[in-house]
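> To be precise about what I am sending: the file is called model-v4.txt and holds compact mmCIF, C-alpha atoms.
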# COMPACT_ATOMS: atom_id res chain seq x y z
CA MET A 1 69.33 258.07 91.58
CA LYS A 2 67.83 256.12 88.68
CA LYS A 3 71.17 254.46 88.02
CA LEU A 4 71.50 253.48 91.66
CA LYS A 5 68.00 251.95 91.67
CA SER A 6 68.90 249.79 88.68
CA VAL A 7 71.88 248.22 90.43
CA PRO A 8 69.85 245.46 92.22
CA GLY A 9 68.22 244.55 88.91
CA ILE A 10 71.58 244.30 87.16
CA THR A 11 72.95 242.22 90.04
CA LEU A 12 69.99 239.86 89.79
CA VAL A 13 70.51 239.45 86.04
CA ILE A 14 74.21 238.74 86.58
CA LEU A 15 73.48 236.14 89.27
CA LEU A 16 70.87 234.43 87.10
CA THR A 17 73.29 234.40 84.16
CA ILE A 18 76.07 232.87 86.26
CA THR A 19 73.69 230.25 87.67
CA ALA A 20 72.40 229.31 84.21
CA LEU A 21 75.98 229.11 82.90
CA TRP A 22 77.05 226.89 85.80
CA ILE A 23 74.10 224.54 85.24
CA PHE A 24 74.87 224.29 81.52
CA ILE A 25 78.60 223.65 82.08
CA ALA A 26 77.86 221.01 84.73
CA ALA A 27 75.25 219.31 82.59
CA SER A 28 77.47 219.33 79.51
CA GLY A 29 79.97 217.12 81.30
CA PHE A 30 82.68 219.66 82.05
CA PHE A 31 82.97 218.56 85.68
CA ASP A 32 83.22 214.90 84.71
CA LYS A 33 85.04 215.21 81.41
CA ASP A 34 87.70 212.75 82.59
CA ILE A 35 85.05 210.11 83.20
CA SER A 36 86.60 207.76 80.66
CA GLN A 37 89.46 207.28 83.13
CA THR A 38 87.11 205.27 85.37
CA TYR A 39 86.67 202.75 82.55
CA GLN A 40 90.38 201.97 82.49
CA THR A 41 92.93 199.98 84.41
CA SER A 42 96.10 201.68 83.30
CA ASP A 43 98.93 201.67 85.84
CA THR A 44 96.94 201.59 89.07
CA PRO A 45 93.94 199.63 90.31
CA VAL A 46 90.71 201.17 89.01
CA PRO A 47 87.23 201.66 90.52
CA TYR A 48 85.62 199.86 87.59
CA ASN A 49 87.52 196.67 88.24
CA ASN A 50 85.62 195.86 91.42
CA LEU A 51 85.65 192.22 90.45
CA LYS A 52 83.86 190.05 92.98
CA SER A 53 86.66 187.71 93.87
CA ASP A 54 89.11 187.30 96.71
CA GLN A 55 91.73 186.07 94.27
CA GLN A 56 93.29 189.19 92.77
CA THR A 57 96.87 189.95 91.90
CA HIS A 58 98.71 193.10 90.80
CA ILE A 59 100.77 193.17 87.64
CA THR A 60 102.32 196.07 85.71
CA LYS A 61 101.49 196.80 82.12
CA GLN A 62 105.03 197.99 81.38
CA ASN A 63 106.35 194.48 81.96
CA LEU A 64 103.58 192.69 80.05
CA LYS A 65 105.74 191.73 77.10
CA GLU A 66 108.75 190.71 79.18
CA HIS A 67 106.62 188.45 81.33
CA SER A 68 104.46 186.97 78.58
CA THR A 69 106.30 183.69 79.06
CA SER A 70 105.41 183.76 82.76
CA VAL A 71 101.75 184.31 81.93
CA LYS A 72 101.65 181.62 79.30
CA HIS A 73 100.34 178.92 81.62
CA ILE A 74 98.27 180.91 84.09
CA ASP A 75 95.52 178.33 84.46
CA LYS A 76 96.06 178.05 88.25
CA PRO A 77 98.79 180.57 89.05
CA SER A 78 100.57 180.60 92.35
CA THR A 79 101.11 183.76 94.41
CA GLN A 80 104.75 183.83 93.38
CA ALA A 81 103.91 183.70 89.67
CA ALA A 82 101.33 186.41 90.14
CA GLU A 83 103.91 188.84 91.49
CA ASP A 84 105.83 188.70 88.24
CA VAL A 85 103.10 190.05 85.97
CA SER A 86 101.24 193.46 85.28
CA THR A 87 97.68 195.35 85.76
CA THR A 88 95.15 194.16 88.30
CA VAL A 89 94.17 190.73 87.06
CA LEU A 90 91.76 188.16 88.39
CA LYS A 91 93.21 184.73 88.97
CA SER A 92 90.63 182.96 86.88
CA SER A 93 89.98 179.44 88.02
CA PRO A 94 87.34 177.23 86.39
CA GLU A 95 84.93 178.17 89.24
CA THR A 96 85.24 181.92 88.71
CA LYS A 97 85.40 182.10 84.94
CA GLY A 98 83.10 184.84 83.70
CA VAL A 99 83.01 186.94 86.88
CA ALA A 100 85.44 189.48 85.48
CA PHE A 101 83.61 189.56 82.15
CA VAL A 102 80.16 190.11 83.68
CA SER A 103 81.50 192.73 86.11
CA ALA A 104 83.08 194.61 83.21
CA THR A 105 79.80 194.45 81.28
CA ILE A 106 77.93 195.97 84.22
CA LYS A 107 80.25 198.79 85.25
CA PRO A 108 80.19 201.34 82.37
CA LEU A 109 76.41 201.52 82.06
CA GLU A 110 76.01 201.38 85.83
CA TYR A 111 78.21 204.44 86.11
CA GLU A 112 76.21 206.35 83.51
CA LEU A 113 72.95 205.56 85.31
CA LYS A 114 74.00 206.05 88.95
CA GLU A 115 77.10 208.21 89.16
CA ARG A 116 77.11 210.46 86.11
CA PHE A 117 76.05 214.01 86.97
CA TRP A 118 72.43 214.42 85.82
CA GLY A 119 72.15 210.68 85.18
CA TRP A 120 70.82 209.20 81.94
CA ARG A 121 70.36 212.00 79.41
CA PRO A 122 69.34 210.79 75.91
CA ASN A 123 65.66 210.86 76.94
CA ASP A 124 65.69 214.28 78.64
CA ILE A 125 62.83 216.52 77.54
CA ILE A 126 65.09 219.60 77.62
CA ASN A 127 68.10 218.35 75.72
CA VAL A 128 71.10 220.67 76.00
CA THR A 129 73.94 218.16 76.49
CA ASP A 130 74.23 216.23 73.26
CA ASN A 131 77.91 215.43 73.87
CA VAL A 132 77.26 213.36 76.98
CA ASN A 133 74.09 211.95 75.38
CA ASN A 134 76.06 210.49 72.49
CA PHE A 135 78.80 209.26 74.80
CA GLN A 136 76.17 207.35 76.78
CA LEU A 137 74.69 205.90 73.59
CA GLY A 138 78.13 204.55 72.68
CA VAL A 139 78.46 202.93 76.11
CA LEU A 140 74.97 201.46 75.77
CA GLU A 141 75.74 199.95 72.36
CA ILE A 142 78.76 198.07 73.74
CA THR A 143 76.63 196.80 76.64
CA ARG A 144 73.82 195.67 74.34
CA ARG A 145 76.04 193.78 71.92
CA THR A 146 78.05 192.17 74.71
CA VAL A 147 74.93 190.94 76.53
CA VAL A 148 73.46 189.53 73.31
CA LEU A 149 76.59 187.45 72.67
CA LEU A 150 76.83 186.48 76.33
CA THR A 151 73.23 185.26 76.23
CA GLU A 152 73.29 183.51 72.86
CA ARG A 153 76.81 182.08 72.77
CA ILE A 154 79.15 182.40 75.74
CA SER A 155 76.74 181.10 78.42
CA ARG A 156 75.55 178.11 76.34
CA THR A 157 77.11 174.84 75.27
CA GLY A 158 75.56 175.14 71.81
CA SER A 159 72.52 176.14 69.78
CA SER A 160 70.36 173.46 71.41
CA ALA A 161 70.99 174.66 74.97
CA SER A 162 68.39 176.85 76.70
CA PHE A 163 69.03 180.51 77.45
CA ASN A 164 69.92 181.54 80.97
CA PRO A 165 66.71 183.29 82.13
CA HIS A 166 68.56 186.17 83.81
CA LEU A 167 70.58 186.88 80.69
CA GLU A 168 67.52 186.60 78.47
CA HIS A 169 65.69 189.18 80.57
CA ALA A 170 68.73 191.47 80.64
CA MET A 171 69.07 191.26 76.86
CA ASN A 172 65.44 192.30 76.43
CA TRP A 173 65.63 195.19 78.91
CA PHE A 174 68.69 196.70 77.22
CA MET A 175 66.82 196.85 73.92
CA ILE A 176 64.44 199.55 75.22
CA LYS A 177 64.92 202.73 73.15
CA ALA A 178 67.41 205.03 74.84
CA ASP A 179 65.43 208.20 74.11
CA LYS A 180 62.05 206.88 75.27
CA TYR A 181 60.74 209.03 78.11
CA TRP A 182 58.46 206.59 79.97
CA PHE A 183 56.12 203.57 79.73
CA PRO A 184 58.70 202.21 80.30
CA SER A 185 61.56 204.62 80.99
CA PRO A 186 64.93 203.35 79.75
CA GLU A 187 66.59 204.10 83.10
CA SER A 188 64.29 201.72 84.98
CA LYS A 189 64.71 198.91 82.46
CA TYR A 190 68.47 199.33 82.15
CA ARG A 191 68.72 199.10 85.95
CA ALA A 192 66.58 195.97 85.79
CA GLY A 193 68.95 194.58 83.14
CA LEU A 194 71.98 195.27 85.35
CA LYS A 195 70.20 193.53 88.23
CA GLU A 196 69.71 190.45 86.05
CA LEU A 197 73.41 190.47 85.15
CA ARG A 198 74.31 190.57 88.84
CA ALA A 199 72.01 187.61 89.43
CA TYR A 200 73.79 185.69 86.66
CA ARG A 201 77.16 186.63 88.17
CA ASP A 202 76.01 185.31 91.55
CA GLU A 203 74.99 182.07 89.86
CA LEU A 204 78.46 181.77 88.34
CA GLU A 205 80.06 182.18 91.73
CA ASN A 206 77.76 179.54 93.18
CA HIS A 207 78.37 177.13 90.29
CA ARG A 208 74.76 177.30 89.09
CA ALA A 209 75.46 178.94 85.72
CA PHE A 210 77.95 178.46 82.90
CA PHE A 211 80.53 180.56 81.07
CA TYR A 212 82.36 178.84 78.22
CA THR A 213 85.69 180.35 77.21
CA ARG A 214 86.01 178.62 73.84
CA ALA A 215 87.40 180.36 70.78
CA ASP A 216 84.16 179.81 68.87
CA ASN A 217 82.35 181.78 71.59
CA LEU A 218 84.85 184.64 71.66
CA LEU A 219 85.04 185.09 67.89
CA PRO A 220 81.46 186.35 67.37
CA LEU A 221 81.96 188.92 70.15
CA LEU A 222 85.18 190.20 68.60
CA MET A 223 83.49 190.35 65.18
CA THR A 224 80.70 192.43 66.69
CA TYR A 225 83.23 194.81 68.22
CA GLU A 226 85.06 195.02 64.90
CA ASP A 227 81.82 195.92 63.09
CA LEU A 228 80.94 198.59 65.65
CA LEU A 229 84.40 200.15 65.44
CA GLY A 230 84.13 200.05 61.64
CA SER A 231 80.86 202.01 61.80
CA CYS A 232 82.46 204.57 64.12
CA ASP A 233 85.47 204.81 61.83
CA GLU A 234 83.31 205.56 58.79
CA ASN A 235 81.37 208.28 60.61
CA LEU A 236 84.62 209.85 61.79
CA ILE A 237 86.32 210.08 58.41
CA LYS A 238 83.45 210.79 56.02
CA ARG A 239 83.04 214.31 54.66
CA LYS A 240 79.47 213.95 53.43
CA GLU A 241 76.32 212.35 54.77
CA ASP A 242 74.38 209.72 52.83
CA ASP A 243 72.11 212.42 51.38
CA GLY A 244 75.10 214.29 49.94
CA THR A 245 75.20 217.14 52.47
CA GLU A 246 78.39 218.10 54.28
CA VAL A 247 78.86 216.73 57.78
CA SER A 248 77.78 219.64 59.98
CA PHE A 249 79.60 221.08 62.97
CA PHE A 250 76.94 219.71 65.33
CA GLN A 251 76.90 216.26 63.73
CA SER A 252 80.69 216.10 63.99
CA ASP A 253 80.72 216.21 67.76
CA ASP A 254 77.87 213.68 67.88
CA TYR A 255 80.02 211.23 65.91
CA PHE A 256 83.04 212.09 68.05
CA PHE A 257 81.43 211.47 71.43
CA TYR A 258 79.60 208.34 70.29
CA ALA A 259 82.94 206.84 69.20
CA LYS A 260 84.53 207.98 72.47
CA GLY A 261 81.77 206.23 74.44
CA VAL A 262 82.29 203.04 72.43
CA ALA A 263 86.06 203.13 72.98
CA SER A 264 85.75 203.91 76.71
CA ALA A 265 83.45 200.96 77.37
CA MET A 266 85.45 198.67 75.10
CA VAL A 267 88.62 199.30 77.12
CA ILE A 268 87.30 197.49 80.17
CA MET A 269 85.71 194.75 78.05
CA LEU A 270 89.05 193.96 76.40
CA GLU A 271 90.66 193.78 79.83
CA ALA A 272 87.98 191.35 80.99
CA ILE A 273 88.46 189.27 77.83
CA GLU A 274 92.17 189.12 78.61
CA LYS A 275 91.38 187.78 82.09
CA ASP A 276 88.66 185.25 81.37
CA PHE A 277 89.79 184.11 77.90
CA HIS A 278 93.47 184.24 78.78
CA ILE A 279 94.26 180.59 78.18
CA ILE A 280 92.77 180.36 74.69
CA ILE A 281 94.27 183.70 73.57
CA GLU A 282 97.70 182.93 74.99
CA SER A 283 97.69 179.47 73.43
CA ARG A 284 97.32 181.13 69.99
CA ASN A 285 99.95 183.82 70.80
CA GLY A 286 97.35 186.58 70.58
CA MET A 287 98.03 188.46 73.84
CA GLU A 288 100.25 191.10 72.27
CA VAL A 289 97.66 191.84 69.56
CA LEU A 290 94.91 192.12 72.20
CA HIS A 291 97.13 194.47 74.19
CA HIS A 292 97.57 196.72 71.12
CA ALA A 293 93.80 196.85 70.60
CA HIS A 294 93.36 197.78 74.26
CA VAL A 295 95.95 200.57 74.04
CA MET A 296 94.29 202.03 70.94
CA CYS A 297 90.85 202.08 72.59
CA GLU A 298 92.42 203.66 75.65
CA THR A 299 94.07 206.30 73.46
CA ALA A 300 90.75 207.14 71.78
CA SER A 301 88.97 207.39 75.13
CA ASN A 302 91.59 209.86 76.40
CA ILE A 303 91.13 212.40 73.58
CA SER A 304 89.13 215.14 75.32
CA PRO A 305 89.14 218.51 73.51
CA CYS A 306 87.08 221.31 75.08
CA ILE A 307 85.41 222.06 71.75
CA ILE A 308 85.09 219.66 68.82
CA ILE A 309 86.39 221.37 65.68
CA ASN A 310 85.69 219.98 62.23
CA GLY A 311 88.48 221.72 60.32
CA ASP A 312 89.96 220.73 56.99
CA LEU A 313 92.51 217.95 57.12
CA ASP A 314 95.16 220.30 55.71
CA GLY A 315 93.85 223.43 57.43
CA ILE A 316 95.07 225.42 60.42
CA LEU A 317 92.18 224.36 62.66
CA ALA A 318 92.07 220.87 64.10
CA ASN A 319 89.82 218.11 62.87
CA HIS A 320 89.02 216.19 66.04
CA ARG A 321 87.00 213.56 64.20
CA ALA A 322 90.12 212.67 62.25
CA ASN A 323 92.19 212.72 65.45
CA ILE A 324 90.07 210.08 67.16
CA ALA A 325 89.57 208.13 63.93
CA GLY A 326 93.25 207.10 64.01
CA PRO A 327 93.19 205.03 67.23
CA ILE A 328 89.66 203.78 66.48
CA SER A 329 90.86 202.47 63.10
CA HIS A 330 93.94 200.88 64.69
CA ALA A 331 91.83 199.20 67.39
CA ARG A 332 89.59 197.78 64.68
CA PHE A 333 92.62 196.52 62.77
CA TYR A 334 94.13 194.74 65.78
CA ILE A 335 90.82 193.13 66.70
CA GLY A 336 90.61 191.92 63.09
CA VAL A 337 94.09 190.43 63.41
CA LEU A 338 93.09 188.72 66.67
CA ILE A 339 90.04 187.26 64.92
CA LYS A 340 92.29 185.74 62.24
CA ILE A 341 94.65 184.37 64.89
CA LEU A 342 91.83 182.69 66.82
CA SER A 343 90.26 181.37 63.62
CA THR A 344 93.33 179.33 62.66
For this file, write the structure as structure tokens.

Amino acid sequence: MKKLKSVPGITLVILLTITALWIFIAASGFFDKDISQTYQTSDTPVPYNNLKSDQQTHITKQNLKEHSTSVKHIDKPSTQAAEDVSTTVLKSSPETKGVAFVSATIKPLEYELKERFWGWRPNDIINVTDNVNNFQLGVLEITRRTVVLLTERISRTGSSASFNPHLEHAMNWFMIKADKYWFPSPESKYRAGLKELRAYRDELENHRAFFYTRADNLLPLLMTYEDLLGSCDENLIKRKEDDGTEVSFFQSDDYFFYAKGVASAMVIMLEAIEKDFHIIIESRNGMEVLHHAHVMCETASNISPCIIINGDLDGILANHRANIAGPISHARFYIGVLIKILST
């Protein structure tokens, strides 16, 4: 009889255990582990490329190289010319320059705030999902650096021109600490920053704001991306921390997911750069190099092991930091090559 009476208690414990396990798995990102796919425009049109324009055309990435000559003078492409090229690309006219770029800047962080299960996590009081937390920090860093360069360089004619007020506000809001709980909360200010970016995008579409696609504006942005990838690369390959201690198991997956967040957000930014800075890059024969950088970021964003293992490089167990360091390093290299091409 005593055993029978204990059955409801055991059942309750089992149900509570299953519920707690489900909550932890959901919060850790298991159900949205393929989220990096929404940052990409591989072979099919992608949710993230909701570019606000009626002028869109479909091209295929497999034929990018063969049709590079067709793309060479895509200043005002006709419908017929558009059918010969690859990936979903905005027909950038002088009126719409910058729309693709600003939309790409908005989308990754907007997803993390509005659509990610459990929302923004780095400032959670009960912090049990450090993988997603670090992924979101990587996405945020790309957004911050992009908005700074957009505000200080790309939207201005020169150092004597005034800042666009919407961009200036957005830049300030994105600088709020990601792990701050409130007064103000980062979520509220990041949403405010995204709202300011949308206002700037609307101004572009109504010809009341500027977006200058000069090489001297693009170069500082690419240099910033190169520096960020270099920092990720160092954290992925180092065996010891600055204080001389070994890189721990827990720190390894922090480095891994931060780099993955950076790569995932950079994928869509490189696509937007290809669209809005197409003429200047194509005129210097840099499209193939940019494509290689894009592919490497895409490769890094697609590495999704269930558990991050920090094994020896010559051991039986995997070293996932080293695995993702390869494409990250290659992406950094190709961006460096593109910088040299645009500098000449």
> Which of these, A:Thr129, A:Asn217, A:Asn302, A:Thr96, has the shortest distance to Val148 in chain A once you count only C-alpha atoms?
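Of all the options, A:Asn217 lies closest to Val148 in chain A.
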> What does the structure give for the distance between CA of Tyr200 in chain A and CA of Thr151 in chain A, in Å to one decimal?
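One can read the CA of Tyr200 in chain A to CA of Thr151 in chain A distance as 10.5 Å.
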> Hey, can you pull every residue with an atom no more than 8 Å from (87.1, 201.6, 77.3), using all atoms listed in the file, and send it as an mmCIF file with C-alpha atoms, in the frame of the given file?

data_model
loop_
_atom_site.group_PDB
_atom_site.id
_atom_site.type_symbol
_atom_site.label_atom_id
_atom_site.label_comp_id
_atom_site.auth_asym_id
_atom_site.auth_seq_id
_atom_site.Cartn_x
_atom_site.Cartn_y
_atom_site.Cartn_z
ATOM 1 C CA SER A 36 86.600 207.760 80.660
ATOM 2 C CA TYR A 39 86.670 202.750 82.550
ATOM 3 C CA GLN A 40 90.380 201.970 82.490
ATOM 4 C CA GLY A 261 81.770 206.230 74.440
ATOM 5 C CA VAL A 262 82.290 203.040 72.430
ATOM 6 C CA ALA A 263 86.060 203.130 72.980
ATOM 7 C CA SER A 264 85.750 203.910 76.710
ATOM 8 C CA ALA A 265 83.450 200.960 77.370
ATOM 9 C CA MET A 266 85.450 198.670 75.100
ATOM 10 C CA VAL A 267 88.620 199.300 77.120
ATOM 11 C CA ILE A 268 87.300 197.490 80.170
ATOM 12 C CA MET A 269 85.710 194.750 78.050
ATOM 13 C CA LEU A 270 89.050 193.960 76.400
ATOM 14 C CA HIS A 294 93.360 197.780 74.260
ATOM 15 C CA CYS A 297 90.850 202.080 72.590
ATOM 16 C CA GLU A 298 92.420 203.660 75.650
ATOM 17 C CA SER A 301 88.970 207.390 75.130
#
> What lies within 9 Å of Leu222 in chain A using all atoms listed in the file, ignoring chain neighbours under 2 positions off, as a list in words?
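Those residues are Leu218, Leu219, Pro220, Thr224, Tyr225, Glu226, Asp227, Ile335, Gly336, Leu338 and Ile339 of chain A.
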> May I have the residues within 10 Å of Val147 in chain A as a short mmCIF file (atom, residue, chain, number, x, y, z; two decimals) with C-alpha atoms, in the coordinates of the input, using only C-alpha atoms and disregarding those fewer than 6 positions away in the same chain?

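Just written: out_28.cif:
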data_model
loop_
_atom_site.label_atom_id
_atom_site.label_comp_id
_atom_site.auth_asym_id
_atom_site.auth_seq_id
_atom_site.Cartn_x
_atom_site.Cartn_y
_atom_site.Cartn_z
CA VAL A 102 80.16 190.11 83.68
CA THR A 105 79.80 194.45 81.28
CA ILE A 106 77.93 195.97 84.22
CA GLU A 141 75.74 199.95 72.36
CA ARG A 153 76.81 182.08 72.77
CA ILE A 154 79.15 182.40 75.74
CA LEU A 167 70.58 186.88 80.69
CA GLU A 168 67.52 186.60 78.47
CA ALA A 170 68.73 191.47 80.64
CA MET A 171 69.07 191.26 76.86
CA ASN A 172 65.44 192.30 76.43
CA PHE A 174 68.69 196.70 77.22
CA GLY A 193 68.95 194.58 83.14
CA LEU A 197 73.41 190.47 85.15
CA LEU A 221 81.96 188.92 70.15
#
> One decimal, in Å: what's the spacing between CA of Leu229 in chain A and CA of Met287 in chain A?
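Computing the Euclidean distance for CA of Leu229 in chain A and CA of Met287 in chain A yields 19.8 Å.
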> In Å, how far is it from CA of Ile307 in chain A to CA of Tyr111 in chain A?
23.8 Å
> Considering all atoms listed in the file, can you say which of A:Gly138, A:Gly9, A:Gly326, A:Gly311 comes closest to Pro122 in chain A?
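Answer, going by the shortest atom-to-atom distance: A:Gly138.
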> For range 113-121 of chain A, list every protein, DNA or RNA residue within 7 Å, evaluated using only C-alpha atoms, and leave out those in the same chain fewer than 2 positions away; present the list as number ranges by chain.
A: 27, 109-111, 123-124, 133, 187
> Neighbours of Pro186 in chain A within 6 Å (only C-alpha atoms; same-chain residues fewer than 4 positions away dropped), as a PyMOL selection string?
chain A and resi 176+178+190
> Name the residues in contact with range 272-278 of chain A at a cut-off of 6 Å, using all atoms listed in the file, excluding same-chain residues fewer than 5 positions from it; report them as a PyMOL selection string.
chain A and resi 97+100-101+213
> For Ser329 in chain A, which of A:Met296, A:Ile316, A:Ile281, A:Ile341 is the closest residue, counting all atoms listed in the file?
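Smallest distance to Ser329 in chain A is found for A:Met296.
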> Rank A:Asp314, A:Asp130, A:Glu234, A:Glu152 by their smallest atom-to-atom distance to Phe211 in chain A, using all atoms listed in the file, and report the top residue only.
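Comparing A:Asp314, A:Asp130, A:Glu234, A:Glu152 against Phe211 in chain A, the winner is A:Glu152.
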> Find the residue from A:Arg214, A:Lys260, A:His207, A:His291 that sits nearest to Asn131 in chain A; use all atoms listed in the file when measuring.
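Result for the nearest residue to Asn131 in chain A: A:Lys260.
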